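Participant: Structure incoming, see below.
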Amino acid sequence: QVQLVESGGGLVQAGGSLRLSCTASESIFTINIGAWYRQAPGKQREFIATITSSGSTNYADSVKGRFTISRDNAKNTVYLQMNSLKPEDTAVYYCNAVISLRRYWGQGTQVTVSS
């Protein structure tokens, strides 16, 4: 059973930075396409960023220029570097990955940005 393990969430002041990580539970489960989503209280889950196996990236307009998605294939890990954080970035952030043609979700990690 594939599990995505997320880490790096927490509490930060506005203008600060955090880096989220997402790793597959077993090294044999190679992440093909990695992505991040978030869900704020009372809102639908929304797309943040995605990265393909070749490193091509795509971002939601709301985070473009502030967030960077990257990957370390040797560690089978996808990262989300979040800079210039705003209170409206407060949400549960979810890793999403395509592994062996199936899509999996992480358990979510809370990011809280105080004003």
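FYI, nothing fancy with the structure tokens labels: chains A, B, ... in order, residues from 1 per chain, ligands from 1 as they appear.
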Do you know which residues are at most 7 Å from segment 2-7 of chain A counting only C-alpha atoms, after dropping those on the same chain fewer than 3 positions away, and could you put them as a PyMOL selection string?

Facilitator: chain A and resi 20-25+95+105-106+108-109

Participant: Please save C-alpha atoms of the selected residues as an mmCIF file, in the first residue's frame.

Facilitator:
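Writing done, so here's selection-v5.cif:
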```
data_model
loop_
_atom_site.group_PDB
_atom_site.id
_atom_site.type_symbol
_atom_site.label_atom_id
_atom_site.label_comp_id
_atom_site.auth_asym_id
_atom_site.auth_seq_id
_atom_site.Cartn_x
_atom_site.Cartn_y
_atom_site.Cartn_z
ATOM 1 C CA LEU A 20 6.951 21.172 2.679
ATOM 2 C CA SER A 21 8.207 17.713 1.767
ATOM 3 C CA CYS A 22 6.395 14.688 0.376
ATOM 4 C CA THR A 23 7.959 11.228 0.186
ATOM 5 C CA ALA A 24 6.531 7.876 -0.845
ATOM 6 C CA SER A 25 6.521 5.340 1.975
ATOM 7 C CA CYS A 95 0.624 16.164 -1.449
ATOM 8 C CA TRP A 105 -2.996 11.670 -1.549
ATOM 9 C CA GLY A 106 -0.995 12.471 1.535
ATOM 10 C CA GLY A 108 -2.214 16.708 4.844
ATOM 11 C CA THR A 109 -0.086 19.110 6.838
#
```

Participant: Fewer than 4 positions away in the same chain doesn't count, so skip those; otherwise give me all residues within 7 Å of segment 53-67 of chain A, counting only C-alpha atoms, as a list of chain:residue names.

Facilitator: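 My list of contacting residues is A:Asn32, A:Ile33, A:Phe47, A:Ile48, A:Ala49, A:Leu80, A:Gln81, A:Met82, A:Asn83, A:Ser84.
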
Participant: Any chance you can output those residues with C-alpha atoms as a compact mmCIF listing (two decimals), in the first residue's frame?

Facilitator:
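Resulting contents of selection27.txt:
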```txt
# COMPACT_ATOMS: atom_id res chain seq x y z
CA ASN A 32 5.94 10.24 -11.52
CA ILE A 33 3.91 13.43 -11.34
CA PHE A 47 -4.60 23.18 -6.94
CA ILE A 48 -1.30 24.85 -6.04
CA ALA A 49 1.48 23.42 -8.16
CA LEU A 80 7.07 22.97 -1.97
CA GLN A 81 9.10 26.02 -1.00
CA MET A 82 6.73 28.74 0.17
CA ASN A 83 8.04 32.30 0.48
CA SER A 84 6.36 35.60 1.25
```

Participant: Taking into account only C-alpha atoms, which residue in the set A:Gln39, A:Ile28, A:Thr112, A:Gly16 is nearest to Pro87 of chain A?

Facilitator: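 Ranked by minimum distance to Pro87 of chain A, first place goes to A:Thr112.
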
Participant: Pick from A:Glu88, A:Tyr37, A:Gly8, A:Ile31: nearest to Leu101 of chain A, with only C-alpha atoms counted?

Facilitator: A:Ile31

Participant: Using only C-alpha atoms, pick whichever of A:Thr30, A:Ser114, A:Gln1, A:Ala40 has the shortest atom-to-atom distance to Ser17 of chain A.

Facilitator: A:Ser114

Participant: From a DSSP calculation on the backbone, collect every residue of segment 7-91 of chain A in strand (DSSP E) and output the set as a ChimeraX atom specification.

Facilitator: /A:7,10-13,18-24,33-39,46-51,57-59,67-72,77-82,91

Participant: For Pro41 of chain A, please output as a PyMOL selection string all residues within 9 Å (counting only C-alpha atoms; exclusion window: fewer than 3 positions along the same chain).

Facilitator: chain A and resi 44+90-92

Participant: Quick one: pull the distance between atom CA of Lys86 of chain A and atom CA of Val98 of chain A, Å, one decimal.

Facilitator: 29.0 Å
